[in-house]
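Visitor: Dropping the structure in here first, questions after.
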Protein chains: 2
Amino acid sequence: MRLDEIGEFGLIARIARAAARLPRSRGVVLGIGDDAAVLRARSGEDLVTTTDALVEDVHFRWRSESPRSVGRRALVANLSDLAAMGARPLGFTLALAAPASLPVRIVDGLVAGLLREALAWGCPLVGGNLSAARETSLTLSVLGAVARGRALTRSGTRPGDRILVTGTLGAAALERARAERRRGRVRRVPEPRLAAGRALARMPGVGGCIDISDGLDADLARLLAGLPLRAELAAERLPLPRGFAAGCAGLGLDPQRLARRGGEDYELLFTLRPGAPSASRLARRLGVRVSEIGRVVRSALRRGASSPGGWRHF
Amino acid sequence: MRLDEIGEFGLIARIARAAARLPRSRGVVLGIGDDAAVLRARSGEDLVTTTDALVEDVHFRWRSESPRSVGRRALVANLSDLAAMGARPLGFTLALAAPASLPVRIVDGLVAGLLREALAWGCPLVGGNLSAARETSLTLSVLGAVARGRALTRSGTRPGDRILVTGTLGAAALERARAERRRGRVRRVPEPRLAAGRALARMPGVGGCIDISDGLDADLARLLAGLPLRAELAAERLPLPRGFAAGCAGLGLDPQRLARRGGEDYELLFTLRPGAPSASRLARRLGVRVSEIGRVVRSALRRGASSPGGWRHF
């Protein structure tokens with residue numbers, strides 16, 4: 001069955017039914033079906049909002065990824081931005097654009113993937129928009145909340161700060177490279193570091209924070225953009241996944257390069273004042289592996305900082 | 001100059017500079033440039049969020065509308081949804097997808113149109129996303145706030161309620177028809193009824209409320225969907241724009257049909273308890289023309305209510 005057989009309103013009803021099977025969230029006053037959704041934060045919270053799109057043949061290809069995985073990645077990418085701000089999720093909207101000829105089962109897969117992550121991270125689907133288009137795309141907007149004035153930001157790094165990262169780097173890039181080589185499918189979906197981000201937002205001594213969506217080098221450049229600072233990284237301290245070097249060798253890839261430039265790790269990259277807790281203490285507090293990979297030193301301010309090695313769209 | 005000559009980061013900087021020329025809004029804690037934006041509502045407010053997309057060759061054509069007008073319409077369509085909930089705007093995000101070959105001046109025009117409405121209605125651009133795509137599309141998400149528990153909704157209409165509408169119906173449809181006939185450009189951009197919506201949210205006696213985006217017939221059907229009710233409309237009371245009948249006659253169009261099915265009027269359609277104020281009193285309170293066009297009566301509940309005559313995407 002194609003989208004133009006079920007129709008716009010049939011599809012909305014289908015998505016709403018799937019979303020309604022999830023447990024009701026306390027923060028949702030009014031969900032799918034009205035002109036807008038109504039959400040409720042706690043008193044004394046700021047609102048955090050971000051938007052991100054996955055476009056067919058730009059961010060995903062049907063032949064190399066299942067609809068379910070695309071849906072999962074779409075929500076995770078947005079939740080990772082909330083994590084980088086130290087926020088908790090309140091809900092998200094989905095703007096879906098697709099050709100009228102798209103099979104309904106593909107949309108079912110996308111929605112199933114979205115709702116799986118929605119359930120896992122407590123971020124209900126509260127509304128959206130459907131449109132015809134030449135290619136399929138999912139544009140999500142996620143709304144979150146953080147204690148007033150406590151949002152983590154990219155700015156705030158100072159000379160002498162230590163540079164830390166959660167988890168490991170490069171697994172997503174290695175899997176993409178593997179899938180391309182074998183014409184197989186990408187299956188691994190990273191986790192948004194929501195709990196770690198919230199713990200960081202409660203801590204004193206955090207400088208700046210960003211999530212690694214475009215690769216360590218690119219996102220580190222963004223973290224220091226506009227500041228008279230540069231990073232000194234200890235290459236041997238980069239946290240690589242188990243078996244990563246061997247996996248890279250099998251494909252003739254440079255592990256360091258892949259770990260630094262691969263992208264879509266969705267780990268948190270942040271800076272800490274020198275006196276703040278050690279990486280091992282932080283790991284316990286954040287509930288995730290934490291590695292100290294370098295430090296920040298003074299530098300001449302370069303105007304128009306670029307983002308070397310990351311994804312570029314144009 | 002094309003988008004791929006200025007580059008993704010060049011384009012982000014260009015949009016951020018344009019947005020920064022607007023006066024700072026009190027509700028924006030952190031705007032463009034971080035992983036997410038941080039907004040602040042007043043204590044005791046609920047959050048209202050909605051998303052809407054305009055897609056090239058589906059919702060607009062470059063040959064029949066200026067980029068500036070497309071940008072203006074994109075934000076107005078979203079603000080109209082906030083109006084229908086009785087909310088005030090806090091800010092919006094823009095997910096822009098476009099071919100790499102698109103001239104930068106077209107994006108400049110889109111952004112100028114968005115920012116013109118942003119300034120007019122106090123709804124700053126706080127973040128967004130850029131992506132390559134085969135066709136140009138703008139997906140906006142707007143965030144607003146309304147006094148806790150006071151959001152207007154589509155549900156809540158009862159038998160005996162009066163049916164009212166702000167402004168006039170059909171002007172947008174007539175202009176589109178005119179532009180098509182003459183191969184001219186659409187210039188008129190409707191106003192979102194934000195002040196009227198906020199006034200309605202403060203009033204007792206309001207049943208349901210919806211904005212007319214797809215035409216009176218379609219949106220009235222939505223307002224009554226799922227309820228054992230039907231509408232009795234007084235055709236002679238439909239508020240038509242000045243010179244509308246003559247304009248329709250010149251194009252061989254039926255004025256009643258165009259007013260009821262045209263769409264994109266962005267007026268508020270709402271129901272009121274019998275004892276609530278008269279249309280003329282309401283007009284003074286809402287600061288806009290208000291017409292009583294019919295009433296709601298009991299009916300057998302039809303399952304799967306359709307939306308006759310409105311826009312359908314698939």
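Residue names in the structure tokens use chain letters A, B, ... in the order shown, residue numbers from 1 in each chain, and ligand numbers from 1 in the order shown.
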Select from segment 39-235 of chain B everything DSSP, run on the backbone, classes as alpha helix (DSSP H), then give the selection as number ranges by chain.
Guide: B: 67-85, 104-121, 171-182, 194-202, 216-224
Visitor: Apply DSSP to the backbone of this structure and, from segment 15-183 of chain A, keep only the residues in strand (DSSP E or B); write these as JSON, numbers by chain.
Guide: {"A": [28, 29, 30, 37, 38, 39, 45, 46, 47, 48, 49, 50, 51, 52, 53, 54, 55, 56, 60, 65, 88, 89, 90, 91, 92, 93, 94, 95, 96, 97, 98, 103, 125, 126, 127, 128, 129, 130, 131, 132, 137, 138, 139, 140, 141, 142, 143, 144, 145, 146, 147, 162, 163, 164, 165, 166]}
Visitor: Mind fitting chain B to chain A by least squares on all Cα atoms in order and giving back the moved coordinates as a compact mmCIF listing (two decimals) with C-alpha atoms, in the first residue's frame?
Guide:
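Done, and the output landed in out_24.txt:
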# COMPACT_ATOMS: atom_id res chain seq x y z
CA MET B 1 -0.02 -0.01 0.00
CA ARG B 2 1.29 3.44 -0.97
CA LEU B 3 0.88 6.71 0.93
CA ASP B 4 -1.57 8.06 -1.65
CA GLU B 5 -3.79 5.02 -1.08
CA ILE B 6 -4.04 5.53 2.69
CA GLY B 7 -4.21 9.34 2.35
CA GLU B 8 -2.87 12.14 4.54
CA PHE B 9 -5.53 11.80 7.23
CA GLY B 10 -5.31 8.03 7.23
CA LEU B 11 -1.57 8.32 7.78
CA ILE B 12 -1.97 10.87 10.59
CA ALA B 13 -4.47 8.57 12.33
CA ARG B 14 -2.08 5.63 11.88
CA ILE B 15 0.85 7.51 13.42
CA ALA B 16 -1.34 8.87 16.24
CA ARG B 17 -2.52 5.33 17.07
CA ALA B 18 1.06 4.06 17.22
CA ALA B 19 2.10 7.00 19.42
CA ALA B 20 -0.90 6.46 21.73
CA ARG B 21 0.32 2.94 22.57
CA LEU B 22 3.20 4.48 24.53
CA PRO B 23 2.60 5.25 28.21
CA ARG B 24 1.20 8.72 28.88
CA SER B 25 3.81 11.27 29.86
CA ARG B 26 3.14 13.65 32.75
CA GLY B 27 4.60 16.60 30.89
CA VAL B 28 2.15 16.32 27.97
CA VAL B 29 -1.05 18.32 28.54
CA LEU B 30 -2.27 17.90 24.94
CA GLY B 31 -0.65 15.65 22.33
CA ILE B 32 -1.26 14.81 18.67
CA GLY B 33 -4.45 16.04 17.02
CA ASP B 34 -4.86 19.75 17.74
CA ASP B 35 -3.37 22.87 16.11
CA ALA B 36 -0.41 22.56 18.47
CA ALA B 37 0.73 20.45 21.40
CA VAL B 38 0.70 21.71 24.99
CA LEU B 39 3.56 20.69 27.28
CA ARG B 40 4.32 21.54 30.88
CA ALA B 41 7.77 22.00 32.40
CA ARG B 42 8.40 22.19 36.14
CA SER B 43 8.41 25.61 37.72
CA GLY B 44 11.86 27.15 37.62
CA GLU B 45 12.92 25.38 34.45
CA ASP B 46 14.19 26.88 31.21
CA LEU B 47 13.06 25.42 27.88
CA VAL B 48 15.53 23.90 25.47
CA THR B 49 14.63 23.43 21.81
CA THR B 50 16.49 22.07 18.81
CA THR B 51 15.70 20.84 15.31
CA ASP B 52 17.46 18.39 13.03
CA ALA B 53 16.62 16.76 9.70
CA LEU B 54 17.48 13.46 8.01
CA VAL B 55 17.11 13.66 4.22
CA GLU B 56 17.02 10.67 1.83
CA ASP B 57 20.26 10.23 -0.15
CA VAL B 58 21.93 12.88 2.03
CA HIS B 59 21.72 11.38 5.54
CA PHE B 60 20.43 7.91 4.71
CA ARG B 61 19.86 5.50 1.82
CA TRP B 62 17.09 2.93 1.85
CA ARG B 63 19.43 0.30 0.43
CA SER B 64 21.90 0.62 3.28
CA GLU B 65 19.65 1.26 6.29
CA SER B 66 16.27 0.01 7.48
CA PRO B 67 13.44 2.54 7.98
CA ARG B 68 13.42 1.60 11.65
CA SER B 69 17.09 2.47 12.02
CA VAL B 70 16.58 5.82 10.21
CA GLY B 71 13.74 6.64 12.63
CA ARG B 72 15.85 5.72 15.64
CA ARG B 73 18.82 7.77 14.46
CA ALA B 74 16.61 10.79 13.76
CA LEU B 75 15.40 11.03 17.34
CA VAL B 76 18.79 10.13 18.86
CA ALA B 77 20.49 12.96 16.92
CA ASN B 78 18.04 15.48 18.40
CA LEU B 79 18.15 13.99 21.91
CA SER B 80 21.92 14.21 21.77
CA ASP B 81 21.58 17.98 21.36
CA LEU B 82 19.39 18.10 24.48
CA ALA B 83 22.04 16.02 26.28
CA ALA B 84 24.71 18.56 25.30
CA MET B 85 22.62 21.28 26.99
CA GLY B 86 22.06 19.18 30.14
CA ALA B 87 18.31 19.06 29.48
CA ARG B 88 15.68 16.39 30.03
CA PRO B 89 13.28 15.65 27.14
CA LEU B 90 9.67 16.88 27.21
CA GLY B 91 8.51 15.75 23.77
CA PHE B 92 9.10 16.06 20.03
CA THR B 93 7.30 16.89 16.81
CA LEU B 94 7.84 15.12 13.47
CA ALA B 95 7.61 16.86 10.10
CA LEU B 96 7.57 14.04 7.58
CA ALA B 97 7.89 14.73 3.85
CA ALA B 98 7.62 11.85 1.40
CA PRO B 99 6.66 10.96 -2.18
CA ALA B 100 3.04 9.87 -2.60
CA SER B 101 4.34 6.55 -3.96
CA LEU B 102 6.24 5.64 -0.76
CA PRO B 103 5.04 2.32 0.71
CA VAL B 104 3.16 2.79 3.98
CA ARG B 105 5.27 0.03 5.57
CA ILE B 106 8.33 2.28 5.23
CA VAL B 107 6.58 5.01 7.21
CA ASP B 108 5.50 2.35 9.72
CA GLY B 109 9.16 1.41 10.11
CA LEU B 110 10.30 5.02 10.53
CA VAL B 111 7.61 5.61 13.16
CA ALA B 112 8.41 2.36 14.97
CA GLY B 113 12.06 3.44 15.17
CA LEU B 114 11.15 6.91 16.41
CA LEU B 115 8.78 5.52 19.03
CA ARG B 116 11.29 2.96 20.24
CA GLU B 117 13.71 5.77 21.14
CA ALA B 118 10.81 7.93 22.38
CA LEU B 119 9.95 5.19 24.88
CA ALA B 120 13.56 4.53 25.84
CA TRP B 121 14.31 8.18 26.63
CA GLY B 122 10.91 9.42 27.79
CA CYS B 123 10.37 11.80 24.87
CA PRO B 124 6.81 11.40 23.50
CA LEU B 125 5.72 12.28 19.96
CA VAL B 126 3.32 15.20 20.51
CA GLY B 127 2.57 16.49 17.03
CA GLY B 128 3.80 16.99 13.53
CA ASN B 129 3.22 17.73 9.90
CA LEU B 130 2.94 15.66 6.73
CA SER B 131 3.78 16.85 3.26
CA ALA B 132 4.31 15.45 -0.19
CA ALA B 133 7.87 15.86 -1.50
CA ARG B 134 10.21 14.38 -4.10
CA GLU B 135 12.41 12.69 -1.51
CA THR B 136 11.71 11.39 1.98
CA SER B 137 12.86 13.50 4.92
CA LEU B 138 12.24 13.59 8.64
CA THR B 139 12.60 16.92 10.41
CA LEU B 140 12.31 16.61 14.17
CA SER B 141 12.03 19.32 16.77
CA VAL B 142 12.68 18.30 20.32
CA LEU B 143 11.69 20.25 23.38
CA GLY B 144 13.37 19.78 26.74
CA ALA B 145 13.78 21.46 30.09
CA VAL B 146 16.70 22.27 32.37
CA ALA B 147 16.94 23.97 35.76
CA ARG B 148 16.78 27.73 35.22
CA GLY B 149 20.14 29.20 34.27
CA ARG B 150 21.86 25.79 34.38
CA ALA B 151 21.92 24.91 30.66
CA LEU B 152 25.33 23.77 29.46
CA THR B 153 26.59 25.81 26.50
CA ARG B 154 29.41 25.69 23.98
CA SER B 155 31.01 28.82 25.33
CA GLY B 156 32.65 29.08 28.74
CA THR B 157 35.91 27.22 28.11
CA ARG B 158 39.01 28.89 29.64
CA PRO B 159 42.76 28.44 29.24
CA GLY B 160 43.98 25.54 31.37
CA ASP B 161 40.67 23.64 31.13
CA ARG B 162 40.90 19.88 30.64
CA ILE B 163 39.20 18.30 27.61
CA LEU B 164 37.06 15.23 28.24
CA VAL B 165 34.83 12.95 26.25
CA THR B 166 32.25 10.33 27.19
CA GLY B 167 32.21 6.79 25.74
CA THR B 168 34.34 5.89 22.72
CA LEU B 169 34.89 7.47 19.30
CA GLY B 170 34.77 5.96 15.84
CA ALA B 171 32.36 3.03 16.12
CA ALA B 172 29.68 4.70 13.98
CA ALA B 173 32.20 5.64 11.28
CA LEU B 174 33.68 2.15 11.21
CA GLU B 175 30.25 0.58 10.86
CA ARG B 176 29.34 2.96 8.02
CA ALA B 177 32.60 2.13 6.26
CA ARG B 178 31.97 -1.58 6.73
CA ALA B 179 28.42 -1.36 5.43
CA GLU B 180 29.58 0.56 2.35
CA ARG B 181 32.30 -1.96 1.59
CA ARG B 182 30.00 -4.96 1.96
CA ARG B 183 26.89 -3.23 0.64
CA GLY B 184 25.35 -4.24 3.98
CA ARG B 185 23.13 -2.30 6.33
CA VAL B 186 24.02 0.01 9.20
CA ARG B 187 22.48 -1.41 12.37
CA ARG B 188 24.19 0.29 15.32
CA VAL B 189 22.30 3.24 16.82
CA PRO B 190 24.23 5.30 19.37
CA GLU B 191 22.76 6.38 22.71
CA PRO B 192 22.14 10.02 23.53
CA ARG B 193 24.09 10.84 26.71
CA LEU B 194 21.09 12.37 28.49
CA ALA B 195 21.92 11.22 32.03
CA ALA B 196 25.55 12.32 31.66
CA GLY B 197 24.46 15.73 30.34
CA ARG B 198 22.05 16.26 33.22
CA ALA B 199 24.74 15.30 35.73
CA LEU B 200 27.19 17.76 34.11
CA ALA B 201 24.57 20.55 34.26
CA ARG B 202 24.34 20.06 38.03
CA MET B 203 28.13 20.14 38.52
CA PRO B 204 30.32 23.17 39.16
CA GLY B 205 33.50 23.54 37.12
CA VAL B 206 32.18 22.70 33.67
CA GLY B 207 33.48 25.02 30.92
CA GLY B 208 31.76 24.24 27.61
CA CYS B 209 29.90 21.21 26.29
CA ILE B 210 28.94 19.98 22.80
CA ASP B 211 27.83 16.65 21.38
CA ILE B 212 30.04 14.98 18.80
CA SER B 213 27.83 14.74 15.75
CA ASP B 214 30.28 15.73 13.02
CA GLY B 215 33.47 14.21 14.44
CA LEU B 216 35.82 15.15 17.28
CA ASP B 217 37.96 17.56 15.25
CA ALA B 218 34.99 19.46 13.83
CA ASP B 219 33.09 19.69 17.11
CA LEU B 220 36.18 20.58 19.13
CA ALA B 221 36.76 23.45 16.67
CA ARG B 222 33.17 24.59 17.34
CA LEU B 223 33.66 24.37 21.09
CA LEU B 224 36.62 26.78 20.83
CA ALA B 225 35.24 28.94 17.99
CA GLY B 226 35.48 32.64 18.74
CA LEU B 227 37.73 32.08 21.76
CA PRO B 228 41.52 32.83 21.82
CA LEU B 229 42.17 29.18 22.62
CA ARG B 230 43.43 26.01 21.02
CA ALA B 231 43.38 22.37 22.02
CA GLU B 232 46.36 20.15 22.77
CA LEU B 233 45.18 16.60 22.29
CA ALA B 234 46.96 13.45 23.49
CA ALA B 235 46.33 11.13 20.56
CA GLU B 236 47.11 8.03 22.62
CA ARG B 237 44.30 8.90 25.02
CA LEU B 238 41.50 8.88 22.45
CA PRO B 239 38.99 6.29 23.70
CA LEU B 240 38.64 3.74 20.89
CA PRO B 241 36.05 0.94 20.84
CA ARG B 242 37.20 -2.63 21.52
CA GLY B 243 38.61 -4.23 18.38
CA PHE B 244 38.60 -0.88 16.59
CA ALA B 245 42.22 -0.92 15.37
CA ALA B 246 41.81 -4.43 13.94
CA GLY B 247 38.51 -3.47 12.31
CA CYS B 248 40.13 -0.42 10.69
CA ALA B 249 43.15 -2.46 9.57
CA GLY B 250 40.83 -4.93 7.83
CA LEU B 251 39.41 -2.09 5.76
CA GLY B 252 42.73 -0.28 5.28
CA LEU B 253 41.56 2.69 7.37
CA ASP B 254 43.56 4.86 9.79
CA PRO B 255 41.99 4.38 13.27
CA GLN B 256 43.09 7.78 14.60
CA ARG B 257 41.69 9.55 11.58
CA LEU B 258 38.41 7.65 11.68
CA ALA B 259 37.98 8.25 15.43
CA ARG B 260 38.66 11.97 15.03
CA ARG B 261 36.74 12.66 11.85
CA GLY B 262 34.08 9.96 11.62
CA GLY B 263 31.06 11.66 13.14
CA GLU B 264 27.74 10.46 14.56
CA ASP B 265 29.29 9.20 17.79
CA TYR B 266 26.90 11.39 19.81
CA GLU B 267 29.28 11.40 22.74
CA LEU B 268 29.61 14.52 24.90
CA LEU B 269 32.77 16.58 24.50
CA PHE B 270 33.29 19.00 27.37
CA THR B 271 35.87 21.06 29.21
CA LEU B 272 36.46 21.13 32.96
CA ARG B 273 38.33 23.49 35.26
CA PRO B 274 41.66 22.08 36.49
CA GLY B 275 40.37 21.53 40.03
CA ALA B 276 37.21 19.65 39.01
CA PRO B 277 36.96 15.87 39.64
CA SER B 278 39.14 13.34 37.81
CA ALA B 279 37.89 11.41 34.81
CA SER B 280 37.42 8.25 36.86
CA ARG B 281 35.35 10.08 39.49
CA LEU B 282 33.32 11.71 36.75
CA ALA B 283 32.70 8.34 35.11
CA ARG B 284 31.02 7.18 38.31
CA ARG B 285 28.96 10.34 38.61
CA LEU B 286 27.96 10.40 34.93
CA GLY B 287 27.33 6.66 34.69
CA VAL B 288 29.43 6.33 31.56
CA ARG B 289 33.08 5.95 30.52
CA VAL B 290 34.89 9.31 30.62
CA SER B 291 38.35 9.98 29.14
CA GLU B 292 40.55 13.02 29.54
CA ILE B 293 42.04 13.57 26.08
CA GLY B 294 43.85 16.89 26.31
CA ARG B 295 43.86 20.44 27.54
CA VAL B 296 43.09 23.95 26.37
CA VAL B 297 45.81 26.58 25.94
CA ARG B 298 45.88 30.23 24.94
CA SER B 299 46.20 31.04 21.26
CA ALA B 300 45.75 33.95 18.88
CA LEU B 301 42.09 34.34 17.98
CA ARG B 302 41.43 33.14 14.45
CA ARG B 303 38.44 34.71 12.81
CA GLY B 304 35.94 32.52 11.00
CA ALA B 305 37.02 29.25 12.57
CA SER B 306 36.43 26.38 10.22
CA SER B 307 35.41 22.85 11.09
CA PRO B 308 38.06 20.58 9.60
CA GLY B 309 37.02 17.13 8.50
CA GLY B 310 33.38 17.21 9.54
CA TRP B 311 30.32 16.83 7.39
CA ARG B 312 29.53 19.70 5.09
CA HIS B 313 26.22 20.03 3.29
CA PHE B 314 27.05 22.52 0.55
